Amino acid sequence: VTARERYTSANPTSSRLHVEATSHLPGGNTRSVLHASPFPLYMTSGAGNTLLDADGHRYLDLVGDMTAGLFGHSQPKIQETLVKTISSVGLNLGATTSAESQFAAVIKERVKSIEQLRFCNSGTEANLYALSIAKIHTGRRKVLVFKGAYHGGVLGFATGVAVNNVDRDEWVIGKYNDVASLRELVRQYKGELAAVLVEGMMGAGGCIPGSAEFLHAIQEECRSNSLLFILDEVMTFRLAPSGLQSTILHPTTNQALSPDLTTLGKNIAGGIGIGAFGGRADLMAVYDPRTSSVPHSGTFNNNSLAMACGLVALPSIYTPAACLELNALGDELRAKLNEIGAGTRMKVTGVGAVSTVHFMPDPAAKIRSVEDLEAQKGGIEESLRELFYFFAIEKGYWVARRGMTSLILGTTRDEVDGFLGIVRAFVEEYRDSL
Ligand code: PLP
C-alpha cells in the first residue's frame with residue numbers, strides 16, 4: 001500500500017468534500033497553491049499552531065498559511081482586538097480614521113526606506129500599485145523581473161513567462177542571483193524599463209535567498225539608469241525586525257538595501273487580509289489627491305479590522321525580540337534538517353523561519369536560481385516531494401505540497417524537535433531512494 005493510498009483511505013470526508021466542491025469551483029479550489037492530488041485535505045478549524053481536518057486528524061501547522069499565518073489561528077491579542085473593534089468601532093466606516101495613519105507610522109518606524117505609504121488589500125495589489133507608480137514616474141512600460149518570481153496571482157513568473165497576465169510584452173525576465181545577466185538586460189532595455197521588481201528571497205520559487213552582491217547590483221543599476229527599485233517584502237518582511245532589506249548589507253560599504261519602493265502584505269496586520277506599498281515620498285506623491293489626479297482607491301483599504309490588528313500585531317506581538325527569536329529557531333531547524341539530509345538528495349533552503357525542502361539528484365549542487373532547480377529536475381524528485389508530503393501528513397505535520405514551511409509564532413523547540421524526528425524517520429525509511 002503506497003503513502004498516497006493510505007492518505008486516500010484515511011481521509012474519506014476530504015475526498016467527498018473535494019468531489020462536491022468541483023461542481024462549484026474550478027478544480028474545487030479558490031487558491032491554486034492549495035490544490036493537491038488526489039484531493040486536498042479539508043481543514044475545519046485551527047487553534048494556535050495546530051489545525052484540525054474534516055476527518056478529525058490534528059496537525060502541527062508548519063505551513064503557517066505560506067507565511068501570512070505568522071500569528072497563528074487564535075492569537076489572544078488579535079482575537080481581543082477583533083472583538084473589541086467590531087463592538088466599539090464597527091466594520092468599515094466608509095470614512096477616514098486615525099487608525100490608518102497610526103498603523104502607517106508603525107510600519108515606517110520599522111522599515112527605514114519607507115517615508116510614506118498606503119494600504120490596500122493584498123500583496124498582489126501592493127505590487128500592481130507600485131508598478132503603476134514606476135510607469136507613471138518614468139513614462140516607461142517595461143519591468144525587469146526574475147524567472148521563478150511570484151509577486152501575486154496575476155504577477156507570477158514561475159515558467160519564465162508572465163502567466164495569467166494581460167501585459168505580456170511588458171516584462172523582461174532575468175535570472176535570479178546573476179549579476180552579469182542583470183547588467184546586460186538593463187543595458188539592452190535601457191530607455192524602456194521603468195523598474196526592477198524583485199524579492200529579497202525568492203519565496204514561492206523555492207525559498208532561494210538573494211545574494212547581497214546581486215540585490216545591491218540591482219539597486220546600483222536602478223540608481224544609475226533612473227529605474228525604480230521595487231523590493232517585494234510581502235513574504236520577507238517577517239524575516240527581520242526591519243524587513244529583510246535591513247539585513248542585506250553592501251559587500252564593501254556595509255549599507256543596508258534602500259529600495260525606492262517596498263511592498264508588504266501577508267503578516268503585517270496580524271493575519272487579517274492586507275497589503276501596503278511605500279517608499280520615497282516624492283514617488284508616493286503620485287497618489288496624493290491634493291496634487292495628483294491618479295487615484296488609489298479600494299473599498300476595504302482602511303477597513304477597521306485590519307487597521308486595528310495592524311496597531312497591535314507589530315508593536316505588541318511581533319516585537320523585534322520575538323522576530324529574532326522565531327527566526328533563530330527557524331535557522332536552527334533548517335541547519336538540523338540539512339544535517340539529517342547530509343549525503344542524501346534532500347536539501348533545505350531559506351532564511352530564518354521560512355524554508356523549502358528540495359530533492360536534488362546532486363545534493364552538492366548550489367541552488368541560486370530556479371534554473372538550478374530545473375537543471376536538477378526529473379520525475380524522481382517530484383515523487384520524493386510527494387512522498388515527503390504524505391509522510392509528514394500521516395505523522396500529523398502539515399507541510400505545503402511544494403515543500404514550503406513557515407513557523408508560526410509560539411512554536412516551541414519541542415515541536416520543532418518532533419518534526420525533526422519524523423524527517424529522520426523519513427530519511428531512514430527511504431534511504432535507498434534518497
Ligand atoms: N509577493 C510575494 C513575494 C508573495 O509571496 C505573495 C504571496 O504569496 C504576493 C506577493 C501576493 O500576495 P497576496 O497573496 O496577498 O496577493
# chains A, B, ... in the order shown; residues from 1 in each chain; ligands from 1
>>> residues_around(residues="Asn121 of chain A", least_positions_apart="4", cutoff="6 Å", atoms="only C-alpha atoms", output="ChimeraX atom specification")
/A:273-275,301
>>> write_last_selection(atoms="C-alpha atoms", output="PDB file, in the first residue's frame")
ATOM      1  CA  GLY A 273      -6.080  40.484   4.740  1.00  0.00           C
ATOM      2  CA  ILE A 274      -3.787  43.417   3.976  1.00  0.00           C
ATOM      3  CA  GLY A 275      -1.345  44.952   1.529  1.00  0.00           C
ATOM      4  CA  ASN A 301      -8.121  49.720   2.057  1.00  0.00           C
TER       5      ASN A 301
END
>>> residues_near_ligand(ligand="ligand 1", cutoff="6 Å", atoms="only C-alpha atoms and all ligand atoms", output="MDAnalysis selection string")
chainID A and resid 122:124 150:152 199 203:204 232 234:235 265:266
>>> write_last_selection(atoms="N, CA and C atoms", output="mmCIF file, in the first residue's frame")
data_model
loop_
_atom_site.group_PDB
_atom_site.id
_atom_site.type_symbol
_atom_site.label_atom_id
_atom_site.label_comp_id
_atom_site.auth_asym_id
_atom_site.auth_seq_id
_atom_site.Cartn_x
_atom_site.Cartn_y
_atom_site.Cartn_z
ATOM 1 N N SER A 122 -4.096 43.345 -0.556
ATOM 2 C CA SER A 122 -3.290 42.132 -0.758
ATOM 3 C C SER A 122 -1.912 42.519 -1.265
ATOM 4 N N GLY A 123 -1.024 41.549 -1.222
ATOM 5 C CA GLY A 123 0.317 41.760 -1.757
ATOM 6 C C GLY A 123 0.284 41.970 -3.263
ATOM 7 N N THR A 124 -0.618 41.280 -3.935
ATOM 8 C CA THR A 124 -0.753 41.447 -5.386
ATOM 9 C C THR A 124 -1.071 42.901 -5.709
ATOM 10 N N TYR A 150 7.425 35.260 -7.743
ATOM 11 C CA TYR A 150 5.975 35.315 -7.534
ATOM 12 C C TYR A 150 5.682 36.633 -6.838
ATOM 13 N N HIS A 151 4.950 37.502 -7.561
ATOM 14 C CA HIS A 151 4.585 38.795 -6.979
ATOM 15 C C HIS A 151 3.074 38.921 -6.849
ATOM 16 N N GLY A 152 2.350 37.789 -7.003
ATOM 17 C CA GLY A 152 0.899 37.801 -6.872
ATOM 18 C C GLY A 152 0.255 36.954 -7.956
ATOM 19 N N GLU A 199 12.194 39.982 -5.276
ATOM 20 C CA GLU A 199 12.076 39.513 -3.890
ATOM 21 C C GLU A 199 13.499 39.355 -3.313
ATOM 22 N N GLY A 203 10.545 33.490 -2.762
ATOM 23 C CA GLY A 203 9.763 32.680 -1.833
ATOM 24 C C GLY A 203 9.089 31.497 -2.487
ATOM 25 N N ALA A 204 8.010 31.766 -3.234
ATOM 26 C CA ALA A 204 7.285 30.676 -3.881
ATOM 27 C C ALA A 204 8.194 29.913 -4.842
ATOM 28 N N ASP A 232 9.983 43.550 -3.189
ATOM 29 C CA ASP A 232 8.771 42.874 -2.730
ATOM 30 C C ASP A 232 9.082 42.187 -1.400
ATOM 31 N N VAL A 234 6.611 41.263 0.665
ATOM 32 C CA VAL A 234 5.321 40.707 1.105
ATOM 33 C C VAL A 234 5.566 39.472 1.977
ATOM 34 N N MET A 235 6.486 38.635 1.556
ATOM 35 C CA MET A 235 6.778 37.434 2.336
ATOM 36 C C MET A 235 7.922 37.663 3.319
ATOM 37 N N GLY A 265 2.593 42.891 2.849
ATOM 38 C CA GLY A 265 1.277 42.261 2.910
ATOM 39 C C GLY A 265 1.302 41.146 3.928
ATOM 40 N N LYS A 266 0.624 40.079 3.639
ATOM 41 C CA LYS A 266 0.584 38.828 4.399
ATOM 42 C C LYS A 266 0.492 38.958 5.923
#
>>> closest_atom_pairs(of="segment 314-374 of chain A", to="segment 392-415 of chain A", cutoff="9 Å", atoms="only C-alpha atoms", output="JSON lines")
{"residue": "A:Tyr318", "atom": "CA", "partner": "A:Leu409", "partner_atom": "CA", "distance": 8.2}
{"residue": "A:Ala322", "atom": "CA", "partner": "A:Leu409", "partner_atom": "CA", "distance": 8.0}
{"residue": "A:Cys323", "atom": "CA", "partner": "A:Leu409", "partner_atom": "CA", "distance": 8.5}
{"residue": "A:Leu326", "atom": "CA", "partner": "A:Leu409", "partner_atom": "CA", "distance": 6.6}
{"residue": "A:Asn327", "atom": "CA", "partner": "A:Leu407", "partner_atom": "CA", "distance": 8.4}
{"residue": "A:Leu329", "atom": "CA", "partner": "A:Arg413", "partner_atom": "CA", "distance": 7.4}
{"residue": "A:Gly330", "atom": "CA", "partner": "A:Leu407", "partner_atom": "CA", "distance": 7.0}
{"residue": "A:Gly352", "atom": "CA", "partner": "A:Ser406", "partner_atom": "CA", "distance": 9.0}
{"residue": "A:Ala353", "atom": "CA", "partner": "A:Leu407", "partner_atom": "CA", "distance": 5.4}
{"residue": "A:Val354", "atom": "CA", "partner": "A:Ser406", "partner_atom": "CA", "distance": 4.4}
{"residue": "A:Ser355", "atom": "CA", "partner": "A:Thr405", "partner_atom": "CA", "distance": 5.3}
{"residue": "A:Thr356", "atom": "CA", "partner": "A:Met404", "partner_atom": "CA", "distance": 4.2}
{"residue": "A:Val357", "atom": "CA", "partner": "A:Gly403", "partner_atom": "CA", "distance": 4.9}
{"residue": "A:His358", "atom": "CA", "partner": "A:Gly403", "partner_atom": "CA", "distance": 7.0}
>>> atom_distance(atom1="atom CA of Leu324 of chain A", atom2="atom CA of Leu239 of chain A")
8.0 Å
>>> residues_around(residues="Leu228 of chain A", least_positions_apart="3", cutoff="10 Å", atoms="only C-alpha atoms", output="PDB file with N, CA and C atoms, in the first residue's frame")
ATOM      1  N   ALA A 130       2.580  49.654  -6.945  1.00  0.00           N
ATOM      2  CA  ALA A 130       3.987  50.080  -7.010  1.00  0.00           C
ATOM      3  C   ALA A 130       4.448  50.139  -8.469  1.00  0.00           C
ATOM      4  N   LEU A 131       4.038  49.149  -9.254  1.00  0.00           N
ATOM      5  CA  LEU A 131       4.404  49.140 -10.679  1.00  0.00           C
ATOM      6  C   LEU A 131       3.773  50.329 -11.395  1.00  0.00           C
ATOM      7  N   ILE A 133       3.102  53.234 -10.099  1.00  0.00           N
ATOM      8  CA  ILE A 133       3.905  54.426  -9.773  1.00  0.00           C
ATOM      9  C   ILE A 133       5.132  54.484 -10.680  1.00  0.00           C
ATOM     10  N   ALA A 134       5.802  53.338 -10.822  1.00  0.00           N
ATOM     11  CA  ALA A 134       7.041  53.314 -11.618  1.00  0.00           C
ATOM     12  C   ALA A 134       6.763  53.710 -13.064  1.00  0.00           C
ATOM     13  N   LYS A 135       5.660  53.230 -13.612  1.00  0.00           N
ATOM     14  CA  LYS A 135       5.349  53.524 -15.017  1.00  0.00           C
ATOM     15  C   LYS A 135       4.963  54.997 -15.182  1.00  0.00           C
ATOM     16  N   HIS A 137       5.855  57.466 -13.157  1.00  0.00           N
ATOM     17  CA  HIS A 137       7.012  58.304 -12.826  1.00  0.00           C
ATOM     18  C   HIS A 137       8.038  58.356 -13.960  1.00  0.00           C
ATOM     19  N   THR A 138       8.274  57.207 -14.594  1.00  0.00           N
ATOM     20  CA  THR A 138       9.326  57.170 -15.619  1.00  0.00           C
ATOM     21  C   THR A 138       8.778  57.379 -17.029  1.00  0.00           C
ATOM     22  N   VAL A 143       9.132  46.186 -17.258  1.00  0.00           N
ATOM     23  CA  VAL A 143       9.613  45.924 -15.895  1.00  0.00           C
ATOM     24  C   VAL A 143      10.475  44.664 -15.911  1.00  0.00           C
ATOM     25  N   LEU A 193      12.782  50.391 -19.731  1.00  0.00           N
ATOM     26  CA  LEU A 193      12.483  49.851 -18.392  1.00  0.00           C
ATOM     27  C   LEU A 193      12.056  50.952 -17.413  1.00  0.00           C
ATOM     28  N   ALA A 194      10.958  50.670 -16.698  1.00  0.00           N
ATOM     29  CA  ALA A 194      10.500  51.579 -15.648  1.00  0.00           C
ATOM     30  C   ALA A 194      11.058  51.156 -14.289  1.00  0.00           C
ATOM     31  N   ALA A 195      11.217  49.852 -14.097  1.00  0.00           N
ATOM     32  CA  ALA A 195      11.574  49.375 -12.751  1.00  0.00           C
ATOM     33  C   ALA A 195      12.171  47.974 -12.787  1.00  0.00           C
ATOM     34  N   VAL A 196      12.830  47.642 -11.695  1.00  0.00           N
ATOM     35  CA  VAL A 196      13.168  46.250 -11.408  1.00  0.00           C
ATOM     36  C   VAL A 196      12.344  45.866 -10.180  1.00  0.00           C
ATOM     37  N   LEU A 197      11.612  44.768 -10.289  1.00  0.00           N
ATOM     38  CA  LEU A 197      10.786  44.268  -9.175  1.00  0.00           C
ATOM     39  C   LEU A 197      11.382  42.925  -8.740  1.00  0.00           C
ATOM     40  N   ILE A 218      21.350  45.369  -8.248  1.00  0.00           N
ATOM     41  CA  ILE A 218      20.060  45.862  -8.756  1.00  0.00           C
ATOM     42  C   ILE A 218      19.874  47.325  -8.329  1.00  0.00           C
ATOM     43  N   GLN A 219      20.153  47.567  -7.051  1.00  0.00           N
ATOM     44  CA  GLN A 219      19.974  48.942  -6.552  1.00  0.00           C
ATOM     45  C   GLN A 219      20.869  49.915  -7.332  1.00  0.00           C
ATOM     46  N   GLU A 221      22.192  49.535 -10.387  1.00  0.00           N
ATOM     47  CA  GLU A 221      21.744  49.664 -11.787  1.00  0.00           C
ATOM     48  C   GLU A 221      20.520  50.579 -11.859  1.00  0.00           C
ATOM     49  N   CYS A 222      19.627  50.427 -10.893  1.00  0.00           N
ATOM     50  CA  CYS A 222      18.424  51.275 -10.898  1.00  0.00           C
ATOM     51  C   CYS A 222      18.805  52.738 -10.712  1.00  0.00           C
ATOM     52  N   ARG A 223      19.701  52.984  -9.735  1.00  0.00           N
ATOM     53  CA  ARG A 223      20.098  54.379  -9.473  1.00  0.00           C
ATOM     54  C   ARG A 223      20.784  54.972 -10.694  1.00  0.00           C
ATOM     55  N   ASN A 225      20.582  54.207 -13.809  1.00  0.00           N
ATOM     56  CA  ASN A 225      19.815  54.258 -15.062  1.00  0.00           C
ATOM     57  C   ASN A 225      18.408  54.833 -14.863  1.00  0.00           C
ATOM     58  N   LEU A 231      11.312  46.568  -4.066  1.00  0.00           N
ATOM     59  CA  LEU A 231      11.600  45.333  -3.337  1.00  0.00           C
ATOM     60  C   LEU A 231      10.289  44.766  -2.798  1.00  0.00           C
ATOM     61  N   PRO A 259      15.467  50.328  -1.026  1.00  0.00           N
ATOM     62  CA  PRO A 259      14.678  50.378  -2.258  1.00  0.00           C
ATOM     63  C   PRO A 259      13.898  51.681  -2.388  1.00  0.00           C
ATOM     64  N   ASP A 260      13.561  52.031  -3.629  1.00  0.00           N
ATOM     65  CA  ASP A 260      12.735  53.228  -3.841  1.00  0.00           C
ATOM     66  C   ASP A 260      11.322  52.975  -3.322  1.00  0.00           C
ATOM     67  N   LEU A 261      10.845  51.750  -3.580  1.00  0.00           N
ATOM     68  CA  LEU A 261       9.513  51.357  -3.097  1.00  0.00           C
ATOM     69  C   LEU A 261       9.608  49.951  -2.508  1.00  0.00           C
ATOM     70  N   LEU A 283       7.811  59.826  -4.784  1.00  0.00           N
ATOM     71  CA  LEU A 283       7.145  58.831  -5.649  1.00  0.00           C
ATOM     72  C   LEU A 283       5.719  58.578  -5.176  1.00  0.00           C
TER      73      LEU A 283
END
>>> residues_around(residues="Gly271 of chain A", least_positions_apart="3", cutoff="12 Å", atoms="only C-alpha atoms", output="ChimeraX atom specification")
/A:64-75,77-79,82,121-122,265-268,274-275,305-310,312-314,318,408-409
>>> write_last_selection(atoms="C-alpha atoms", output="mmCIF file, in the first residue's frame")
data_model
loop_
_atom_site.group_PDB
_atom_site.id
_atom_site.type_symbol
_atom_site.label_atom_id
_atom_site.label_comp_id
_atom_site.auth_asym_id
_atom_site.auth_seq_id
_atom_site.Cartn_x
_atom_site.Cartn_y
_atom_site.Cartn_z
ATOM 1 C CA GLY A 64 1.564 28.917 8.512
ATOM 2 C CA ASP A 65 -0.542 29.991 5.533
ATOM 3 C CA MET A 66 2.594 30.441 3.412
ATOM 4 C CA THR A 67 3.976 32.968 5.928
ATOM 5 C CA ALA A 68 0.764 35.002 6.368
ATOM 6 C CA GLY A 69 -0.249 32.850 9.333
ATOM 7 C CA LEU A 70 2.686 34.036 11.423
ATOM 8 C CA PHE A 71 0.443 34.893 14.390
ATOM 9 C CA GLY A 72 -1.360 31.547 14.468
ATOM 10 C CA HIS A 73 -5.052 30.788 14.393
ATOM 11 C CA SER A 74 -6.183 32.181 17.712
ATOM 12 C CA GLN A 75 -3.606 34.650 18.996
ATOM 13 C CA LYS A 77 -4.384 39.746 21.497
ATOM 14 C CA ILE A 78 -5.553 39.545 17.877
ATOM 15 C CA GLN A 79 -8.809 37.896 18.946
ATOM 16 C CA LEU A 82 -11.093 41.874 16.570
ATOM 17 C CA ASN A 121 -5.957 44.531 0.433
ATOM 18 C CA SER A 122 -3.290 42.132 -0.758
ATOM 19 C CA GLY A 265 1.277 42.261 2.910
ATOM 20 C CA LYS A 266 0.584 38.828 4.399
ATOM 21 C CA ASN A 267 1.649 39.245 8.006
ATOM 22 C CA ILE A 268 1.760 42.955 8.875
ATOM 23 C CA ILE A 274 -3.787 43.417 3.976
ATOM 24 C CA GLY A 275 -1.345 44.952 1.529
ATOM 25 C CA LEU A 305 -10.296 45.146 11.432
ATOM 26 C CA ALA A 306 -7.015 45.230 9.502
ATOM 27 C CA MET A 307 -6.082 48.690 10.762
ATOM 28 C CA ALA A 308 -6.813 47.790 14.399
ATOM 29 C CA CYS A 309 -4.929 44.488 14.212
ATOM 30 C CA GLY A 310 -2.023 46.245 12.490
ATOM 31 C CA VAL A 312 -1.350 45.506 17.793
ATOM 32 C CA ALA A 313 0.486 42.926 15.665
ATOM 33 C CA LEU A 314 3.893 44.540 15.269
ATOM 34 C CA TYR A 318 5.849 40.517 16.679
ATOM 35 C CA ILE A 408 4.095 30.150 13.487
ATOM 36 C CA LEU A 409 4.905 32.382 16.447
#
>>> select_by_dssp(residues="segment 326-406 of chain A", states="strand (DSSP E)", output="list in words")
Met346, Lys347, Val348, Thr349, Gly350, Val351, Val354, Ser355, Thr356, Val357, His358, Phe359, Tyr397, Trp398, Met404, Thr405 and Ser406 of chain A
>>> closest_residue(among="A:Ala364, A:Ala21, A:Ala10, A:Leu311", to="Gly56 of chain A", atoms="only C-alpha atoms")
A:Ala10
>>> closest_atom_pairs(of="segment 194-304 of chain A", to="segment 162-179 of chain A", cutoff="7 Å", atoms="only C-alpha atoms", output="CSV")
residue,atom,partner,partner_atom,distance
A:Gly210,CA,A:Asn177,CA,6.0
A:Ser211,CA,A:Asn177,CA,6.3
A:Phe214,CA,A:Asn177,CA,5.3
A:Ala217,CA,A:Val179,CA,6.7
>>> write_last_selection(atoms="C-alpha atoms", output="short mmCIF file (atom, residue, chain, number, x, y, z; two decimals), in the first residue's frame")
data_model
loop_
_atom_site.label_atom_id
_atom_site.label_comp_id
_atom_site.auth_asym_id
_atom_site.auth_seq_id
_atom_site.Cartn_x
_atom_site.Cartn_y
_atom_site.Cartn_z
CA GLY A 210 19.17 36.63 -2.92
CA SER A 211 22.86 37.41 -2.51
CA PHE A 214 23.00 40.66 -6.61
CA ALA A 217 23.78 45.42 -8.02
#
>>> select_by_dssp(residues="segment 118-342 of chain A", states="alpha helix (DSSP H)", output="ChimeraX atom specification")
/A:123-138,179-188,212-225,281-284,304-312,320-341
>>> residues_around(residues="Gly298 of chain A", least_positions_apart="4", cutoff="10 Å", atoms="only C-alpha atoms", output="VMD selection string")
chain A and resid 119 to 121 125 302 to 303
>>> closest_residue(among="A:Val286, A:Pro76, A:Ser88, A:Thr247", to="Ile136 of chain A", atoms="only C-alpha atoms")
A:Val286
